[in-house]
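Peer 1: Sending over model.txt (compact mmCIF, N, CA and C atoms).
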```txt
# COMPACT_ATOMS: atom_id res chain seq x y z
N MET A 271 -30.88 200.19 135.95
CA MET A 271 -29.56 200.78 136.12
C MET A 271 -28.57 200.06 135.23
N MET A 272 -27.72 200.83 134.58
CA MET A 272 -26.69 200.26 133.71
C MET A 272 -25.38 200.13 134.49
N TYR A 273 -24.70 199.04 134.26
CA TYR A 273 -23.41 198.79 134.90
C TYR A 273 -22.33 198.76 133.83
N LYS A 274 -21.24 199.46 134.07
CA LYS A 274 -20.13 199.49 133.13
C LYS A 274 -19.07 198.50 133.61
N LYS A 275 -18.84 197.47 132.81
CA LYS A 275 -17.85 196.44 133.16
C LYS A 275 -16.57 196.71 132.38
N LYS A 276 -15.44 196.44 133.03
CA LYS A 276 -14.15 196.62 132.38
C LYS A 276 -13.19 195.57 132.92
N ILE A 277 -12.43 194.96 132.01
CA ILE A 277 -11.45 193.94 132.39
C ILE A 277 -10.10 194.39 131.81
N VAL A 278 -9.10 194.45 132.68
CA VAL A 278 -7.78 194.94 132.26
C VAL A 278 -6.72 193.90 132.64
N TYR A 279 -5.92 193.52 131.65
CA TYR A 279 -4.83 192.58 131.90
C TYR A 279 -3.66 193.29 132.55
N ASP A 280 -3.10 192.69 133.61
CA ASP A 280 -1.92 193.23 134.28
C ASP A 280 -0.74 192.31 133.96
N PRO A 281 0.16 192.74 133.07
CA PRO A 281 1.27 191.86 132.68
C PRO A 281 2.23 191.53 133.82
N GLU A 282 2.28 192.39 134.83
CA GLU A 282 3.18 192.14 135.95
C GLU A 282 2.71 190.95 136.78
N THR A 283 1.42 190.92 137.11
CA THR A 283 0.89 189.81 137.93
C THR A 283 0.30 188.70 137.07
N ARG A 284 0.09 189.00 135.79
CA ARG A 284 -0.53 188.07 134.83
C ARG A 284 -1.96 187.72 135.25
N ASP A 285 -2.62 188.67 135.88
CA ASP A 285 -4.02 188.53 136.26
C ASP A 285 -4.86 189.55 135.49
N PHE A 286 -6.16 189.38 135.59
CA PHE A 286 -7.10 190.30 134.96
C PHE A 286 -7.85 191.05 136.06
N ALA A 287 -7.69 192.36 136.06
CA ALA A 287 -8.38 193.19 137.04
C ALA A 287 -9.81 193.41 136.56
N MET A 288 -10.77 193.27 137.48
CA MET A 288 -12.19 193.44 137.14
C MET A 288 -12.70 194.73 137.76
N PHE A 289 -13.33 195.55 136.94
CA PHE A 289 -13.89 196.82 137.40
C PHE A 289 -15.38 196.85 137.08
N LEU A 290 -16.14 197.40 138.00
CA LEU A 290 -17.56 197.63 137.79
C LEU A 290 -17.82 199.09 138.13
N ASN A 291 -18.27 199.85 137.13
CA ASN A 291 -18.46 201.29 137.29
C ASN A 291 -17.19 201.96 137.82
N GLU A 292 -16.06 201.60 137.22
CA GLU A 292 -14.74 202.18 137.55
C GLU A 292 -14.23 201.80 138.94
N GLU A 293 -14.92 200.91 139.65
CA GLU A 293 -14.47 200.45 140.97
C GLU A 293 -13.86 199.07 140.85
N LEU A 294 -12.66 198.91 141.39
CA LEU A 294 -11.99 197.61 141.35
C LEU A 294 -12.77 196.60 142.17
N ILE A 295 -13.14 195.50 141.54
CA ILE A 295 -13.90 194.45 142.20
C ILE A 295 -12.98 193.33 142.68
N GLY A 296 -11.98 193.02 141.86
CA GLY A 296 -11.06 191.95 142.22
C GLY A 296 -10.24 191.53 141.03
N PHE A 297 -9.64 190.34 141.13
CA PHE A 297 -8.77 189.82 140.08
C PHE A 297 -9.18 188.41 139.71
N ALA A 298 -8.90 188.05 138.46
CA ALA A 298 -9.19 186.71 137.98
C ALA A 298 -7.98 186.18 137.23
N ARG A 299 -7.89 184.87 137.12
CA ARG A 299 -6.75 184.27 136.43
C ARG A 299 -6.86 184.35 134.92
N THR A 300 -8.10 184.32 134.41
CA THR A 300 -8.30 184.37 132.96
C THR A 300 -9.34 185.43 132.62
N TYR A 301 -9.32 185.86 131.36
CA TYR A 301 -10.31 186.83 130.91
C TYR A 301 -11.71 186.24 131.02
N ARG A 302 -11.85 185.00 130.63
CA ARG A 302 -13.16 184.33 130.68
C ARG A 302 -13.69 184.25 132.11
N GLU A 303 -12.81 183.96 133.06
CA GLU A 303 -13.21 183.91 134.48
C GLU A 303 -13.65 185.30 134.96
N ALA A 304 -12.92 186.33 134.56
CA ALA A 304 -13.27 187.70 134.93
C ALA A 304 -14.63 188.08 134.35
N GLU A 305 -14.84 187.74 133.10
CA GLU A 305 -16.11 188.05 132.44
C GLU A 305 -17.28 187.36 133.13
N ALA A 306 -17.11 186.09 133.45
CA ALA A 306 -18.17 185.33 134.11
C ALA A 306 -18.45 185.88 135.51
N THR A 307 -17.41 186.27 136.23
CA THR A 307 -17.58 186.82 137.57
C THR A 307 -18.33 188.14 137.52
N LEU A 308 -17.95 189.02 136.60
CA LEU A 308 -18.64 190.30 136.48
C LEU A 308 -20.10 190.11 136.04
N ASP A 309 -20.33 189.18 135.11
CA ASP A 309 -21.70 188.92 134.66
C ASP A 309 -22.56 188.43 135.83
N GLN A 310 -22.02 187.54 136.65
CA GLN A 310 -22.75 187.02 137.80
C GLN A 310 -23.04 188.13 138.80
N LEU A 311 -22.07 188.99 139.04
CA LEU A 311 -22.25 190.10 139.97
C LEU A 311 -23.35 191.05 139.48
N VAL A 312 -23.32 191.41 138.20
CA VAL A 312 -24.35 192.29 137.65
C VAL A 312 -25.72 191.62 137.75
N PHE A 313 -25.80 190.34 137.45
CA PHE A 313 -27.05 189.60 137.55
C PHE A 313 -27.61 189.69 138.98
N GLU A 314 -26.75 189.46 139.97
CA GLU A 314 -27.19 189.52 141.37
C GLU A 314 -27.62 190.94 141.76
N LEU A 315 -26.87 191.95 141.32
CA LEU A 315 -27.24 193.33 141.63
C LEU A 315 -28.58 193.69 141.00
N LEU A 316 -28.81 193.26 139.77
CA LEU A 316 -30.08 193.55 139.11
C LEU A 316 -31.24 192.84 139.80
N ASN A 317 -31.03 191.62 140.25
CA ASN A 317 -32.06 190.88 140.97
C ASN A 317 -32.37 191.55 142.30
N MET A 318 -31.36 192.02 143.00
CA MET A 318 -31.58 192.72 144.27
C MET A 318 -32.42 193.97 144.03
N GLN A 319 -32.11 194.71 142.97
CA GLN A 319 -32.86 195.93 142.64
C GLN A 319 -34.31 195.58 142.31
N TYR A 320 -34.52 194.51 141.56
CA TYR A 320 -35.87 194.10 141.19
C TYR A 320 -36.70 193.78 142.43
N PHE A 321 -36.14 193.00 143.35
CA PHE A 321 -36.89 192.62 144.55
C PHE A 321 -37.11 193.81 145.47
N ARG A 322 -36.17 194.74 145.50
CA ARG A 322 -36.31 195.93 146.33
C ARG A 322 -37.45 196.80 145.76
N ASP A 323 -37.49 196.93 144.45
CA ASP A 323 -38.54 197.72 143.81
C ASP A 323 -39.92 197.07 143.94
N ALA A 324 -39.96 195.74 143.98
CA ALA A 324 -41.22 195.01 144.06
C ALA A 324 -41.82 195.04 145.47
N ALA A 325 -41.00 195.31 146.46
CA ALA A 325 -41.47 195.29 147.85
C ALA A 325 -42.28 196.51 148.21
```
Once you've parsed the file, please lay out its structure as structure tokens.
Peer 2:
Amino acid sequence: MMYKKKIVYDPETRDFAMFLNEELIGFARTYREAEATLDQLVFELLNMQYFRDAA
């Protein structure tokens, strides 16, 4: 399964909104933090899918 990641800067709050498949996941203080958080989330989702398929 492919996941679409998107990070959008909000100048009002000065945070970065994190989206996964167009769904708001949360906010991060920096772009790098948002990127790392989304990467970790996708990694965990892919691992869950792998173990579910292997069972």
Peer 1: Which residues are near Ala298 of chain A? Cut-off 7 Å, only C-alpha atoms, ignore same chain within fewer than 5 positions. Put them as an MDAnalysis selection string.
Peer 2: chainID A and resid 285:287 303:304
Peer 1: Among chain A, which residues carry a DSSP assignment of strand (DSSP E), reported as a list of chain:residue names?
Peer 2: A:Lys275, A:Lys276, A:Ile277, A:Val278, A:Tyr279, A:Asp280, A:Asp285, A:Phe286, A:Ala287, A:Met288, A:Phe289, A:Leu290, A:Glu293, A:Leu294, A:Ile295, A:Gly296, A:Phe297, A:Ala298
Peer 1: Separation of atom C of Val312 of chain A and atom CA of Leu294 of chain A, in Å?
Peer 2: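 Value for the atom C of Val312 of chain A-atom CA of Leu294 of chain A distance: 15.4 Å.
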Peer 1: Have a look at atom CA of Phe297 of chain A and atom C of Gln319 of chain A and let me know their distance in Å, one decimal.
Peer 2: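 Taking atom CA of Phe297 of chain A and atom C of Gln319 of chain A, their separation equals 26.3 Å.
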Peer 1: Around (-14.8, 191.2, 128.0) in the file's frame, which residues reach within 7 Å when counting only N, CA and C atoms? Return as a PDB file with N, CA and C atoms, in the coordinates of the input?
Peer 2:
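After the write, result-v8.pdb holds the following:
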```pdb
ATOM      1  N   LYS A 276     -15.440 196.440 133.030  1.00  0.00           N
ATOM      2  CA  LYS A 276     -14.150 196.620 132.380  1.00  0.00           C
ATOM      3  C   LYS A 276     -13.190 195.570 132.920  1.00  0.00           C
ATOM      4  N   ILE A 277     -12.430 194.960 132.010  1.00  0.00           N
ATOM      5  CA  ILE A 277     -11.450 193.940 132.390  1.00  0.00           C
ATOM      6  C   ILE A 277     -10.100 194.390 131.810  1.00  0.00           C
ATOM      7  N   TYR A 301      -9.320 185.860 131.360  1.00  0.00           N
ATOM      8  CA  TYR A 301     -10.310 186.830 130.910  1.00  0.00           C
ATOM      9  C   TYR A 301     -11.710 186.240 131.020  1.00  0.00           C
ATOM     10  N   GLU A 305     -14.840 187.740 133.100  1.00  0.00           N
ATOM     11  CA  GLU A 305     -16.110 188.050 132.440  1.00  0.00           C
ATOM     12  C   GLU A 305     -17.280 187.360 133.130  1.00  0.00           C
TER      13      GLU A 305
END
```
Peer 1: Take segment 276-295 of chain A, bring it up to N, CA, C and O atoms, and give me the output as a PDB file, in the coordinates of the input.
Peer 2:
```pdb
ATOM      1  N   LYS A 276     -15.440 196.440 133.030  1.00  0.00           N
ATOM      2  CA  LYS A 276     -14.150 196.620 132.380  1.00  0.00           C
ATOM      3  C   LYS A 276     -13.190 195.570 132.920  1.00  0.00           C
ATOM      4  O   LYS A 276     -13.151 195.314 134.132  1.00  0.00           O
ATOM      5  N   ILE A 277     -12.430 194.960 132.010  1.00  0.00           N
ATOM      6  CA  ILE A 277     -11.450 193.940 132.390  1.00  0.00           C
ATOM      7  C   ILE A 277     -10.100 194.390 131.810  1.00  0.00           C
ATOM      8  O   ILE A 277     -10.001 194.666 130.621  1.00  0.00           O
ATOM      9  N   VAL A 278      -9.100 194.450 132.680  1.00  0.00           N
ATOM     10  CA  VAL A 278      -7.780 194.940 132.260  1.00  0.00           C
ATOM     11  C   VAL A 278      -6.720 193.900 132.640  1.00  0.00           C
ATOM     12  O   VAL A 278      -6.647 193.485 133.801  1.00  0.00           O
ATOM     13  N   TYR A 279      -5.920 193.520 131.650  1.00  0.00           N
ATOM     14  CA  TYR A 279      -4.830 192.580 131.900  1.00  0.00           C
ATOM     15  C   TYR A 279      -3.660 193.290 132.550  1.00  0.00           C
ATOM     16  O   TYR A 279      -3.242 194.366 132.118  1.00  0.00           O
ATOM     17  N   ASP A 280      -3.100 192.690 133.610  1.00  0.00           N
ATOM     18  CA  ASP A 280      -1.920 193.230 134.280  1.00  0.00           C
ATOM     19  C   ASP A 280      -0.740 192.310 133.960  1.00  0.00           C
ATOM     20  O   ASP A 280      -0.658 191.200 134.488  1.00  0.00           O
ATOM     21  N   PRO A 281       0.160 192.740 133.070  1.00  0.00           N
ATOM     22  CA  PRO A 281       1.270 191.860 132.680  1.00  0.00           C
ATOM     23  C   PRO A 281       2.230 191.530 133.820  1.00  0.00           C
ATOM     24  O   PRO A 281       2.888 190.493 133.790  1.00  0.00           O
ATOM     25  N   GLU A 282       2.280 192.390 134.830  1.00  0.00           N
ATOM     26  CA  GLU A 282       3.180 192.140 135.950  1.00  0.00           C
ATOM     27  C   GLU A 282       2.710 190.950 136.780  1.00  0.00           C
ATOM     28  O   GLU A 282       3.496 190.081 137.144  1.00  0.00           O
ATOM     29  N   THR A 283       1.420 190.920 137.110  1.00  0.00           N
ATOM     30  CA  THR A 283       0.890 189.810 137.930  1.00  0.00           C
ATOM     31  C   THR A 283       0.300 188.700 137.070  1.00  0.00           C
ATOM     32  O   THR A 283       0.011 187.628 137.564  1.00  0.00           O
ATOM     33  N   ARG A 284       0.090 189.000 135.790  1.00  0.00           N
ATOM     34  CA  ARG A 284      -0.530 188.070 134.830  1.00  0.00           C
ATOM     35  C   ARG A 284      -1.960 187.720 135.250  1.00  0.00           C
ATOM     36  O   ARG A 284      -2.438 186.618 135.008  1.00  0.00           O
ATOM     37  N   ASP A 285      -2.620 188.670 135.880  1.00  0.00           N
ATOM     38  CA  ASP A 285      -4.020 188.530 136.260  1.00  0.00           C
ATOM     39  C   ASP A 285      -4.860 189.550 135.490  1.00  0.00           C
ATOM     40  O   ASP A 285      -4.324 190.456 134.867  1.00  0.00           O
ATOM     41  N   PHE A 286      -6.160 189.380 135.590  1.00  0.00           N
ATOM     42  CA  PHE A 286      -7.100 190.300 134.960  1.00  0.00           C
ATOM     43  C   PHE A 286      -7.850 191.050 136.060  1.00  0.00           C
ATOM     44  O   PHE A 286      -8.510 190.429 136.884  1.00  0.00           O
ATOM     45  N   ALA A 287      -7.690 192.360 136.060  1.00  0.00           N
ATOM     46  CA  ALA A 287      -8.380 193.190 137.040  1.00  0.00           C
ATOM     47  C   ALA A 287      -9.810 193.410 136.560  1.00  0.00           C
ATOM     48  O   ALA A 287     -10.048 193.681 135.386  1.00  0.00           O
ATOM     49  N   MET A 288     -10.770 193.270 137.480  1.00  0.00           N
ATOM     50  CA  MET A 288     -12.190 193.440 137.140  1.00  0.00           C
ATOM     51  C   MET A 288     -12.700 194.730 137.760  1.00  0.00           C
ATOM     52  O   MET A 288     -12.511 194.957 138.960  1.00  0.00           O
ATOM     53  N   PHE A 289     -13.330 195.550 136.940  1.00  0.00           N
ATOM     54  CA  PHE A 289     -13.890 196.820 137.400  1.00  0.00           C
ATOM     55  C   PHE A 289     -15.380 196.850 137.080  1.00  0.00           C
ATOM     56  O   PHE A 289     -15.799 196.382 136.025  1.00  0.00           O
ATOM     57  N   LEU A 290     -16.140 197.400 138.000  1.00  0.00           N
ATOM     58  CA  LEU A 290     -17.560 197.630 137.790  1.00  0.00           C
ATOM     59  C   LEU A 290     -17.820 199.090 138.130  1.00  0.00           C
ATOM     60  O   LEU A 290     -17.554 199.514 139.265  1.00  0.00           O
ATOM     61  N   ASN A 291     -18.270 199.850 137.130  1.00  0.00           N
ATOM     62  CA  ASN A 291     -18.460 201.290 137.290  1.00  0.00           C
ATOM     63  C   ASN A 291     -17.190 201.960 137.820  1.00  0.00           C
ATOM     64  O   ASN A 291     -17.232 202.755 138.754  1.00  0.00           O
ATOM     65  N   GLU A 292     -16.060 201.600 137.220  1.00  0.00           N
ATOM     66  CA  GLU A 292     -14.740 202.180 137.550  1.00  0.00           C
ATOM     67  C   GLU A 292     -14.230 201.800 138.940  1.00  0.00           C
ATOM     68  O   GLU A 292     -13.216 202.313 139.382  1.00  0.00           O
ATOM     69  N   GLU A 293     -14.920 200.910 139.650  1.00  0.00           N
ATOM     70  CA  GLU A 293     -14.470 200.450 140.970  1.00  0.00           C
ATOM     71  C   GLU A 293     -13.860 199.070 140.850  1.00  0.00           C
ATOM     72  O   GLU A 293     -14.463 198.165 140.269  1.00  0.00           O
ATOM     73  N   LEU A 294     -12.660 198.910 141.390  1.00  0.00           N
ATOM     74  CA  LEU A 294     -11.990 197.610 141.350  1.00  0.00           C
ATOM     75  C   LEU A 294     -12.770 196.600 142.170  1.00  0.00           C
ATOM     76  O   LEU A 294     -13.026 196.818 143.361  1.00  0.00           O
ATOM     77  N   ILE A 295     -13.140 195.500 141.540  1.00  0.00           N
ATOM     78  CA  ILE A 295     -13.900 194.450 142.200  1.00  0.00           C
ATOM     79  C   ILE A 295     -12.980 193.330 142.680  1.00  0.00           C
ATOM     80  O   ILE A 295     -13.179 192.746 143.728  1.00  0.00           O
TER      81      ILE A 295
END
```
